[in-house]
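Okay, upload_27.cif now, which holds mmCIF, C-alpha atoms:
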```
data_data
#
loop_
_atom_site.label_atom_id
_atom_site.label_comp_id
_atom_site.auth_asym_id
_atom_site.auth_seq_id
_atom_site.Cartn_x
_atom_site.Cartn_y
_atom_site.Cartn_z
CA MET A 489 90.64 14.98 -32.63
CA PHE A 490 91.63 18.09 -34.59
CA LYS A 491 88.75 17.49 -37.03
CA LYS A 492 86.29 17.91 -34.16
CA LEU A 493 87.94 21.09 -32.82
CA PRO A 494 86.05 23.53 -35.11
CA ARG A 495 82.76 21.88 -34.17
CA PHE A 496 83.64 22.17 -30.47
CA LEU A 497 84.47 25.87 -30.85
CA GLN A 498 81.23 26.48 -32.74
CA ARG A 499 79.30 24.68 -30.03
CA LEU A 500 81.04 26.79 -27.38
CA LEU A 501 80.13 29.99 -29.21
CA ARG A 502 76.52 28.84 -29.42
CA MET A 503 76.42 28.10 -25.69
CA LEU A 504 77.86 31.53 -24.92
CA GLY A 505 75.36 33.17 -27.25
CA MET A 506 78.16 34.63 -29.37
CA ALA A 507 77.43 32.77 -32.61
CA PRO A 508 75.74 34.98 -35.24
CA GLU A 509 72.27 33.90 -36.26
CA PRO A 510 72.05 32.38 -39.75
CA PRO A 511 69.62 33.81 -42.31
CA LYS A 512 66.05 32.52 -42.36
CA ILE A 513 66.12 30.81 -45.76
CA LYS A 514 63.79 27.82 -45.92
CA GLY A 515 65.32 24.78 -47.58
CA LEU A 516 68.92 25.71 -46.76
CA PHE A 517 69.58 27.15 -43.30
CA THR A 518 68.46 26.11 -39.82
CA GLU A 519 68.64 28.05 -36.57
CA ASN A 520 71.73 27.62 -34.38
CA ASP A 521 69.87 26.03 -31.46
CA GLN A 522 67.65 23.80 -33.55
CA ALA A 523 68.40 20.18 -32.66
CA ALA A 524 67.17 18.58 -35.89
CA PHE A 525 68.24 18.80 -39.49
CA PHE A 526 65.59 18.64 -42.21
CA SER A 527 65.01 15.94 -44.83
CA ILE A 528 62.77 16.28 -47.86
CA SER A 529 62.37 14.65 -51.26
CA VAL A 530 64.02 16.33 -54.23
CA GLN A 531 60.89 17.62 -55.98
CA PRO A 532 59.33 19.58 -53.07
CA TRP A 533 62.80 20.83 -52.11
CA HIS A 534 63.25 22.05 -55.67
CA ASP A 535 59.89 23.85 -55.47
CA ILE A 536 60.86 25.55 -52.20
CA ILE A 537 64.22 26.72 -53.55
CA ARG A 538 62.76 27.83 -56.89
CA ASP A 539 60.02 29.91 -55.29
CA ASN A 540 62.45 31.81 -53.05
CA LEU A 541 64.38 34.44 -55.01
CA VAL A 542 66.98 34.78 -52.23
CA THR A 543 68.36 31.31 -53.03
CA SER A 544 69.68 32.67 -56.33
CA ASN A 545 72.25 34.56 -54.23
CA CYS A 546 73.30 31.46 -52.25
CA PHE A 547 76.25 29.94 -54.11
CA VAL A 548 77.89 26.51 -53.94
CA LEU A 549 81.49 26.63 -52.72
CA VAL A 550 82.35 22.96 -53.16
CA VAL A 551 80.60 19.67 -53.90
CA SER A 552 82.01 16.41 -52.55
CA CYS A 553 81.27 12.75 -53.29
CA TYR A 554 81.29 10.41 -50.30
CA LYS A 555 81.23 6.63 -50.11
CA MET A 556 80.33 4.50 -47.13
CA GLN A 557 82.85 1.70 -46.66
CA LYS A 558 80.52 -0.75 -44.94
CA GLY A 559 77.36 -2.55 -45.94
CA ALA A 560 75.92 -1.31 -49.20
CA GLU A 561 78.85 1.07 -49.77
CA HIS A 562 76.26 3.80 -50.25
CA GLU A 563 77.35 6.99 -52.05
CA PHE A 564 76.02 10.51 -51.57
CA LEU A 565 76.79 14.13 -52.47
CA ARG A 566 77.52 17.01 -50.12
CA PHE A 567 77.09 20.62 -51.20
CA ASP A 568 78.55 23.46 -49.11
CA ILE A 569 76.46 26.56 -49.90
CA SER A 570 77.16 30.08 -48.65
CA SER A 571 74.58 32.60 -47.49
CA PRO A 572 74.03 35.82 -49.49
CA ASP A 573 76.19 37.77 -47.01
CA LYS A 574 78.89 35.03 -47.16
CA VAL A 575 78.91 34.81 -43.36
CA HIS A 576 77.21 31.43 -43.01
CA THR A 577 77.43 28.11 -44.82
CA CYS A 578 74.90 25.33 -44.98
CA ILE A 579 75.33 21.61 -45.68
CA VAL A 580 73.06 20.02 -48.27
CA ILE A 581 73.31 16.25 -48.71
CA ALA A 582 71.68 14.65 -51.76
CA GLU A 583 71.35 10.90 -52.12
CA ARG A 584 69.35 8.19 -53.83
CA GLY A 585 67.64 5.18 -52.29
CA GLY A 586 64.87 2.79 -53.28
CA GLY A 587 61.39 3.85 -52.26
CA PHE A 588 58.91 1.13 -53.23
CA ARG A 589 58.68 -1.96 -55.39
CA GLY A 590 56.37 -2.74 -58.26
CA ARG A 591 55.59 -0.85 -61.42
CA HIS A 592 57.31 2.38 -62.29
CA ARG A 593 56.10 5.35 -60.30
CA ASP A 594 57.35 8.90 -60.30
CA CYS A 595 59.31 9.44 -57.10
CA SER A 596 57.69 12.86 -56.77
CA ASP A 597 54.35 11.18 -56.07
CA ALA A 598 55.72 9.81 -52.85
CA ALA A 599 57.42 13.02 -51.88
CA GLN A 600 56.35 15.09 -48.96
CA PRO A 601 54.40 18.27 -49.69
CA ALA A 602 56.50 21.36 -50.10
CA ASP A 603 55.14 22.83 -46.88
CA THR A 604 55.85 19.79 -44.71
CA ILE A 605 59.59 19.32 -44.39
CA ALA A 606 60.36 16.55 -41.95
CA PRO A 607 62.78 17.53 -39.17
CA VAL A 608 65.14 14.73 -38.16
CA ASP A 609 66.21 14.69 -34.54
CA THR A 610 69.98 14.54 -34.19
CA MET A 611 69.97 14.05 -30.45
CA THR A 612 68.39 10.59 -30.31
CA GLY A 613 69.12 7.91 -32.84
CA ALA A 614 65.64 6.42 -32.64
CA ALA A 615 64.07 9.54 -34.03
CA THR A 616 66.31 9.62 -37.09
CA PRO A 617 64.59 8.09 -40.12
CA PRO A 618 66.75 5.40 -41.72
CA ASP A 619 66.48 6.94 -45.17
CA ALA A 620 67.63 10.32 -43.86
CA MET A 621 71.10 9.00 -43.11
CA THR A 622 71.44 5.72 -45.05
CA PRO A 623 69.21 4.06 -47.61
CA PRO A 624 66.45 1.82 -46.28
CA LEU A 625 67.09 -1.92 -46.27
CA SER A 626 65.06 -2.39 -49.43
CA SER A 627 67.09 0.24 -51.25
CA LEU A 628 70.65 -0.96 -50.68
CA ASP A 629 72.78 -0.21 -53.68
CA VAL A 630 74.73 -3.43 -53.56
CA ALA A 631 74.22 -6.67 -51.73
CA GLU A 632 75.06 -6.94 -48.06
CA ASP A 633 77.86 -9.35 -48.86
CA PRO A 634 80.87 -9.43 -46.51
CA THR A 635 83.14 -10.12 -49.46
CA ALA A 636 81.97 -7.13 -51.43
CA SER A 637 84.51 -4.37 -51.90
CA SER A 638 84.57 -0.92 -53.45
CA ALA A 639 88.32 -0.92 -54.03
CA ASP A 640 88.27 -3.08 -57.12
CA GLU A 641 91.15 -1.89 -59.31
CA SER A 642 89.21 -2.45 -62.52
CA SER A 643 86.49 0.00 -61.51
CA PRO A 644 86.48 3.38 -63.28
CA ARG A 645 87.11 6.75 -61.69
CA VAL A 646 84.50 9.50 -61.88
CA GLY A 647 84.79 11.30 -65.20
CA GLU A 648 87.60 9.03 -66.49
CA ALA A 649 85.72 6.13 -68.05
CA THR A 650 84.79 6.66 -71.68
CA LYS A 651 81.39 5.94 -73.07
CA THR A 652 82.75 2.91 -74.97
CA ASP A 653 84.44 1.57 -71.84
CA ARG A 654 81.19 1.84 -69.88
CA LYS A 655 79.21 0.01 -72.55
CA THR A 656 81.91 -2.67 -72.82
CA LYS A 657 82.09 -3.02 -69.05
CA GLN A 658 78.34 -3.41 -68.76
CA LYS A 659 78.37 -6.20 -71.30
CA SER A 660 81.44 -7.95 -69.94
CA THR A 661 80.99 -7.60 -66.18
CA ARG A 662 77.30 -8.39 -65.76
CA PRO A 663 77.04 -12.14 -65.15
CA PRO A 664 73.68 -13.91 -65.50
CA TYR A 665 72.86 -13.73 -61.79
CA ILE A 666 73.24 -9.93 -61.79
CA SER A 667 70.94 -9.71 -64.80
CA SER A 668 68.34 -11.75 -62.95
CA ILE A 669 68.72 -9.50 -59.90
CA SER A 670 68.33 -6.43 -62.10
CA LYS A 671 64.98 -7.65 -63.35
CA LYS A 672 63.72 -8.21 -59.81
CA SER A 673 65.09 -5.05 -58.23
CA GLN A 674 63.06 -2.40 -60.06
CA MET A 675 61.45 0.12 -57.71
CA GLY A 676 60.65 3.78 -57.54
CA ALA A 677 63.67 5.85 -56.54
CA HIS A 678 63.58 7.97 -53.40
CA ASP A 679 65.90 10.91 -53.99
CA LEU A 680 66.36 12.74 -50.70
CA VAL A 681 67.84 16.08 -49.65
CA SER A 682 68.95 16.81 -46.06
CA TYR A 683 70.17 20.23 -44.95
CA ALA A 684 71.31 22.24 -41.93
CA THR A 685 73.44 25.27 -41.12
CA LEU A 686 77.11 24.30 -40.83
CA GLY A 687 78.23 24.49 -37.20
CA SER A 688 74.70 24.39 -35.79
CA ARG A 689 73.34 21.66 -33.55
CA ALA A 690 71.34 20.31 -36.46
CA SER A 691 74.41 19.84 -38.69
CA ALA A 692 76.28 17.63 -36.19
CA GLU A 693 74.70 14.40 -37.48
CA LEU A 694 75.27 15.34 -41.11
CA GLU A 695 78.90 16.14 -40.37
CA ARG A 696 79.34 12.82 -38.55
CA LYS A 697 77.85 11.03 -41.55
CA CYS A 698 80.51 12.61 -43.78
CA GLU A 699 83.27 11.76 -41.27
CA LYS A 700 82.24 8.10 -41.22
CA ALA A 701 82.38 7.95 -45.02
CA THR A 702 85.33 8.35 -47.37
CA ARG A 703 85.51 11.46 -49.51
CA ILE A 704 86.31 10.15 -52.97
CA CYS A 705 86.31 13.34 -55.04
CA THR A 706 85.54 17.04 -54.83
CA LEU A 707 84.68 19.83 -57.22
CA THR A 708 85.67 23.34 -56.13
CA PHE A 709 84.06 26.24 -57.98
CA SER A 710 85.71 29.51 -58.87
CA GLU A 711 84.30 32.70 -57.39
CA LYS A 712 83.21 33.97 -60.81
CA ASP A 713 81.52 30.73 -61.94
CA ARG A 714 79.63 29.14 -59.06
CA PRO A 715 76.25 27.43 -59.29
CA SER A 716 73.51 28.88 -57.14
CA ALA A 717 71.27 26.86 -54.86
CA THR A 718 68.52 27.33 -57.45
CA GLN A 719 70.71 25.79 -60.15
CA ILE A 720 71.63 22.85 -57.92
CA ALA A 721 67.97 22.26 -57.09
CA THR A 722 67.15 22.31 -60.81
CA LEU A 723 69.94 19.86 -61.63
CA LEU A 724 68.92 17.42 -58.86
CA TYR A 725 65.29 17.67 -59.94
CA VAL A 726 66.15 17.01 -63.60
CA THR A 727 68.40 14.07 -62.66
CA SER A 728 65.70 12.55 -60.47
CA LYS A 729 63.11 12.98 -63.23
CA HIS A 730 65.47 11.58 -65.87
CA GLU A 731 65.57 8.19 -64.15
CA PRO A 732 62.82 8.00 -61.51
CA THR A 733 63.14 4.20 -61.31
CA TYR A 734 65.68 2.67 -58.92
CA SER A 735 67.64 -0.27 -60.25
CA ILE A 736 70.21 -1.96 -58.05
CA THR A 737 72.42 -2.72 -61.07
CA ASN A 738 71.80 0.37 -63.18
CA THR A 739 70.34 3.56 -61.73
CA GLN A 740 71.27 3.25 -58.09
CA CYS A 741 73.02 5.76 -55.82
CA TYR A 742 76.30 5.30 -57.74
CA TRP A 743 74.55 6.44 -60.93
CA PHE A 744 72.88 9.38 -59.17
CA VAL A 745 76.15 10.68 -57.68
CA GLU A 746 78.19 10.14 -60.83
CA THR A 747 75.58 11.75 -63.09
CA VAL A 748 75.19 14.89 -60.97
CA PHE A 749 78.95 15.21 -60.47
CA ASP A 750 79.77 14.77 -64.19
CA ALA A 751 76.98 17.19 -65.14
CA LEU A 752 78.42 19.86 -62.84
CA LYS A 753 81.84 19.39 -64.44
CA SER A 754 80.33 19.88 -67.89
CA LEU A 755 78.22 22.87 -66.89
CA PHE A 756 80.93 24.68 -64.87
CA VAL A 757 84.14 23.99 -66.74
CA SER A 758 86.28 26.29 -64.56
CA ALA A 759 85.69 24.13 -61.48
CA GLN A 760 88.74 22.34 -60.06
CA GLU A 761 88.34 18.58 -59.60
CA ASP A 762 90.21 16.56 -57.00
CA ILE A 763 89.90 12.77 -57.31
CA THR A 764 91.14 10.48 -54.54
CA ASN A 765 90.94 6.84 -55.65
CA ARG A 766 87.35 6.91 -56.88
CA ARG A 767 86.16 3.31 -57.32
CA GLY A 768 82.76 2.11 -58.46
CA GLY A 769 80.56 -0.10 -56.32
CA THR A 770 80.90 -3.86 -56.53
CA TRP A 771 78.67 -6.87 -56.10
CA ASN A 772 80.56 -9.93 -54.90
CA ARG A 773 83.75 -8.27 -56.12
CA VAL A 774 82.15 -7.60 -59.51
CA PRO A 775 81.84 -3.89 -60.43
CA VAL A 776 78.21 -2.78 -60.52
CA PRO A 777 77.57 -0.95 -63.81
CA THR A 778 75.66 2.29 -64.13
CA LYS A 779 73.64 3.65 -67.00
CA PRO A 780 76.01 5.35 -69.50
CA ARG A 781 75.69 8.76 -71.18
CA SER A 782 73.34 10.03 -68.50
CA ALA A 783 75.34 13.18 -67.72
CA VAL A 784 75.09 14.41 -71.33
CA GLU A 785 71.33 13.85 -71.41
CA VAL A 786 70.86 15.38 -67.97
CA CYS A 787 72.87 18.46 -69.01
CA ASP A 788 70.62 18.92 -72.04
CA LYS A 789 67.52 18.61 -69.88
CA TYR A 790 69.04 20.93 -67.28
CA ARG A 791 69.70 23.62 -69.88
CA ALA A 792 66.14 23.30 -71.16
CA ALA A 793 64.74 23.40 -67.62
CA TRP A 794 66.94 26.36 -66.66
CA ALA A 795 65.92 28.22 -69.82
CA ALA A 796 62.27 27.49 -69.02
CA LEU A 797 62.83 28.65 -65.44
CA ALA A 798 64.51 31.82 -66.70
CA GLU A 799 61.60 32.41 -69.08
CA GLU A 800 59.16 31.73 -66.25
CA GLY A 801 61.06 34.18 -64.09
CA GLU A 802 61.03 36.76 -66.89
CA GLN A 803 57.29 36.27 -67.39
CA LYS A 804 56.75 36.55 -63.66
CA HIS A 805 58.88 39.69 -63.61
CA ARG A 806 56.91 41.16 -66.52
CA ALA A 807 53.64 40.20 -64.82
CA GLU A 808 54.80 41.81 -61.59
CA GLN A 809 55.91 44.86 -63.54
CA ARG A 810 52.51 45.09 -65.23
CA GLN A 811 50.81 44.69 -61.87
CA GLU A 812 53.03 47.40 -60.41
CA GLU A 813 52.27 49.68 -63.35
CA GLU A 814 48.55 48.98 -62.90
CA ARG A 815 48.85 49.69 -59.18
CA GLN A 816 50.74 52.89 -60.02
CA ARG A 817 48.00 53.94 -62.43
CA GLU A 818 45.38 53.19 -59.81
CA ARG A 819 47.35 55.21 -57.27
CA GLU A 820 47.62 58.12 -59.71
CA GLN A 821 43.93 57.90 -60.54
CA ARG A 822 43.09 57.77 -56.87
CA GLN A 823 45.34 60.76 -56.20
CA THR A 824 43.72 62.66 -59.11
CA ALA A 825 40.25 61.86 -57.80
CA GLU A 826 41.27 62.84 -54.29
CA GLU A 827 42.76 66.10 -55.62
CA ALA A 828 39.57 66.85 -57.58
CA ALA A 829 37.49 66.07 -54.49
CA ARG A 830 39.74 68.34 -52.43
CA ILE A 831 39.36 71.19 -54.93
CA GLU A 832 35.59 70.68 -54.99
CA ARG A 833 35.51 70.75 -51.19
CA GLU A 834 37.54 73.96 -51.18
CA LYS A 835 35.20 75.53 -53.72
CA ARG A 836 32.15 74.57 -51.67
CA GLN A 837 33.84 75.87 -48.56
CA ALA A 838 34.70 79.19 -50.28
CA ALA A 839 31.12 79.53 -51.56
CA GLU A 840 29.80 78.82 -48.09
CA GLU A 841 32.15 81.38 -46.61
CA GLN A 842 31.04 83.93 -49.21
CA ARG A 843 27.36 83.19 -48.44
CA GLN A 844 28.02 83.56 -44.72
CA ALA A 845 29.89 86.83 -45.33
CA ALA A 846 26.97 88.18 -47.42
CA GLU A 847 24.52 87.10 -44.75
CA GLU A 848 26.55 88.82 -42.10
CA GLU A 849 26.78 91.98 -44.22
CA LYS A 850 23.03 91.92 -44.75
CA MET A 851 22.44 91.56 -41.01
CA LYS A 852 24.80 94.49 -40.36
CA ALA A 853 22.90 96.63 -42.91
CA VAL A 854 19.62 95.82 -41.21
CA GLU A 855 21.12 96.70 -37.86
CA ARG A 856 22.46 100.00 -39.26
CA ALA A 857 19.03 100.86 -40.72
CA ARG A 858 17.33 100.03 -37.43
CA ALA A 859 19.88 102.19 -35.57
CA ALA A 860 19.23 105.10 -37.98
CA GLU A 861 15.49 104.78 -37.49
CA ASP A 862 15.95 104.78 -33.74
CA ALA A 863 18.16 107.87 -34.00
CA ASN A 864 15.58 109.68 -36.15
CA ALA A 865 12.79 108.78 -33.71
CA ARG A 866 14.80 110.12 -30.80
CA LEU A 867 15.53 113.33 -32.72
CA LEU A 868 11.86 113.85 -33.52
CA ARG A 869 10.92 113.33 -29.91
CA ASP A 870 13.56 115.80 -28.81
CA LEU A 871 12.29 118.40 -31.32
CA GLU A 872 8.71 117.91 -30.22
CA ALA A 873 9.69 118.32 -26.60
CA LEU A 874 11.59 121.50 -27.44
CA ARG A 875 8.63 122.96 -29.38
CA ARG A 876 6.25 122.38 -26.50
CA LYS A 877 8.71 123.97 -24.13
CA VAL A 878 9.08 127.07 -26.31
CA SER A 879 5.33 127.47 -26.72
CA THR A 880 4.78 127.44 -22.98
#
```

Starting from the coordinates I provided, produce the structure as C-alpha cells.
Amino acid sequence: MFKKLPRFLQRLLRMLGMAPEPPKIKGLFTENDQAAFFSISVQPWHDIIRDNLVTSNCFVLVVSCYKMQKGAEHEFLRFDISSPDKVHTCIVIAERGGGFRGRHRDCSDAAQPADTIAPVDTMTGAATPPDAMTPPLSSLDVAEDPTASSADESSPRVGEATKTDRKTKQKSTRPPYISSISKKSQMGAHDLVSYATLGSRASAELERKCEKATRICTLTFSEKDRPSATQIATLLYVTSKHEPTYSITNTQCYWFVETVFDALKSLFVSAQEDITNRRGGTWNRVPVPTKPRSAVEVCDKYRAAWAALAEEGEQKHRAEQRQEEERQREREQRQTAEEAARIEREKRQAAEEQRQAAEEEKMKAVERARAAEDANARLLRDLEALRRKVST
C-alpha cells in the first residue's frame, strides 16, 4: 500500500496540473500526460542518445537487477537517470530476449529505425507488445518447467563467482540434454530498451513490472563518479554487439544482466553494491550457465568505443569550430564589403551633392547676370526718357 502512495500523489499532482513538465529529451523522458512508454532496440536507442549532446548531462543515480519469479524467471536491468536540472528522473529498462531462429544475424538488423520509436500503451494490456514487458515465448531464458527454481543454493551471486568457478560449473552442471538444447536454441538476440519519465502515466506499467519482480542487487553511484546516459547507451550497445546471438544456455538474459552489471562495477569502482540473495537461473533445478569472462571483454570494448566516441566528438567539435570560423570570416568579409559599398555610396552621394550645388550656383549666376542686364536696360531707358524731356 505504502509503495503505491508516491505514485498516487504524483498522479494527483498531474490531475491538478501542478506537476512540473519534464524536459523534452528524446530517448529518456516522456510527457506527464502521455499514456504510453516507449520501447526500442538497443542500437537505434544508442544512436538517439549519442546524437543528443544533452544526454551527456543526464546521470545514472542507481542501477538495479530484477528477476521475475514465475515462468522463465526473466531478468532485466533498471536504470534511474536524472535530468540535467536534477528535477526529474526517468526509468530505463534494458533486457534481452530471443528475436528469431536460424543462422546468426546481427540484432541491429531487426531493430527499429532511430526515428520510429514504438510507443507502448500502458492503459490497455492488448496494446502492450509482449517483448516490451517480458520476453516473447520463443525467447524464454529457461524452460517453462513448474519445478524450475531460481533459488538454487549452489548458484553464484553476481560478481562473486570466480572465472575458474564459472568454467568448472559450466563443465560440471551442463548435462547432455542441456547441451542438445543449446545447439537447437541459437537465435538472434533482441536487446530492448523501454523508457518513461518516473511518476508519469507512461511509467506506471514499468513500475508495476519492477514491483512484480524481485530486486536482486543494486549499484548506487557516487555524485562525483556517475555514468551518463551516453555512457550507458554505449555500454549496452557494446554488450549487445559482443554477443548478438541468443543462446538459452549461454548468452541469455542472465548473461546480459550479469555482464552489464559487472562491467559497471569495474568501470565505476566507487559505486556501492547491495546484493540480496542473487541466484542464477535454473533449468529443471540445474543452474543455467552463462558465458564467462564477458565483463572483462565488454569493458575493453567499451573503453575503445568510448575513446572512439570521444575522438568523434572532438573531431565534430573541431569541424564545427572550423565551420564557425569560416562563417565568422564570411561574416567579416561580408561586413567589409558592405562597409566598402557604404563608403562608395557616400562618395557618390557627396559627388552628386557637389554637382547639384555647382549647378545651382551656376543657375544663380545666370539669374544675377540676367538681373543686371535688365537693370542696365531700365537705366538706359530712363536716361533716354530724361534726355528727350530736357531737349523739349

Hits from the PyMOL selection byres ((chain A and resi 579) around 9), listed as a PDB file with C-alpha atoms, in the frame of the given file:
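Output below, filename part_17.pdb:
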```
ATOM      1  CA  LEU A 516      68.920  25.710 -46.760  1.00  0.00           C
ATOM      2  CA  PHE A 517      69.580  27.150 -43.300  1.00  0.00           C
ATOM      3  CA  ARG A 566      77.520  17.010 -50.120  1.00  0.00           C
ATOM      4  CA  PHE A 567      77.090  20.620 -51.200  1.00  0.00           C
ATOM      5  CA  ASP A 568      78.550  23.460 -49.110  1.00  0.00           C
ATOM      6  CA  ILE A 569      76.460  26.560 -49.900  1.00  0.00           C
ATOM      7  CA  THR A 577      77.430  28.110 -44.820  1.00  0.00           C
ATOM      8  CA  CYS A 578      74.900  25.330 -44.980  1.00  0.00           C
ATOM      9  CA  VAL A 580      73.060  20.020 -48.270  1.00  0.00           C
ATOM     10  CA  ILE A 581      73.310  16.250 -48.710  1.00  0.00           C
ATOM     11  CA  SER A 682      68.950  16.810 -46.060  1.00  0.00           C
ATOM     12  CA  TYR A 683      70.170  20.230 -44.950  1.00  0.00           C
ATOM     13  CA  ALA A 684      71.310  22.240 -41.930  1.00  0.00           C
ATOM     14  CA  THR A 685      73.440  25.270 -41.120  1.00  0.00           C
ATOM     15  CA  LEU A 686      77.110  24.300 -40.830  1.00  0.00           C
ATOM     16  CA  SER A 691      74.410  19.840 -38.690  1.00  0.00           C
ATOM     17  CA  LEU A 694      75.270  15.340 -41.110  1.00  0.00           C
ATOM     18  CA  GLU A 695      78.900  16.140 -40.370  1.00  0.00           C
TER      19      GLU A 695
END
```

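Across the model, the gap from CA of Arg696 in chain A to CA of Asn738 in chain A is 28.6 Å.
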
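Counting from CA of Glu847 in chain A, the distance to CA of Arg866 in chain A is 28.6 Å.
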
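Taking all atoms listed in the file into account, Lys700 in chain A lies nearest to A:Met556 out of the set A:Leu549, A:Leu868, A:Met556, A:Ile763.
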
Subject >> Å distance separating CA of Glu832 in chain A from CA of Glu813 in chain A, one decimal place >> reply: 28.1 Å

Original post:
So which residues touch Lys512 in chain A within 10 Å, counting only C-alpha atoms, skipping near sequence neighbours fewer than 6 positions away, as a PyMOL selection string?
Top reply: chain A and resi 518-519+571

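Take the candidates A:Leu680, A:Ala825, A:Ile720, A:Cys553 and check each one against Phe526 in chain A using all atoms listed in the file; the shortest distance goes to A:Leu680.
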
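Counting only C-alpha atoms and comparing A:Gln823, A:Ser754, A:Thr727, A:Thr718, the residue that lies closest to Val548 in chain A is A:Thr718.
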
May I have the centre and edge lengths, in Å to one decimal, of an axis-aligned box around the listed atoms of range 562-574 of chain A with 3 Å added to every side, as JSON?
```
{"center_x": 76.5, "center_y": 20.8, "center_z": -49.7, "size_x": 10.9, "size_y": 40.0, "size_z": 11.5}
```

Subject >> Contacts of range 793-806 of chain A at 9 Å (only C-alpha atoms; same-chain gap of 2+ positions) as a count of residues only >> reply: 13

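Candidate residues A:Val550, A:Ala865, A:Thr778, A:Ala860 were compared for distance to Ile736 in chain A, and the nearest is A:Thr778, using all atoms listed in the file.
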
**OP:** Report as a PyMOL selection string the residues that result from applying the PyMOL selection byres ((chain A and resi 523) around 6) to the structure here.
**Re:** chain A and resi 522+524+689-690
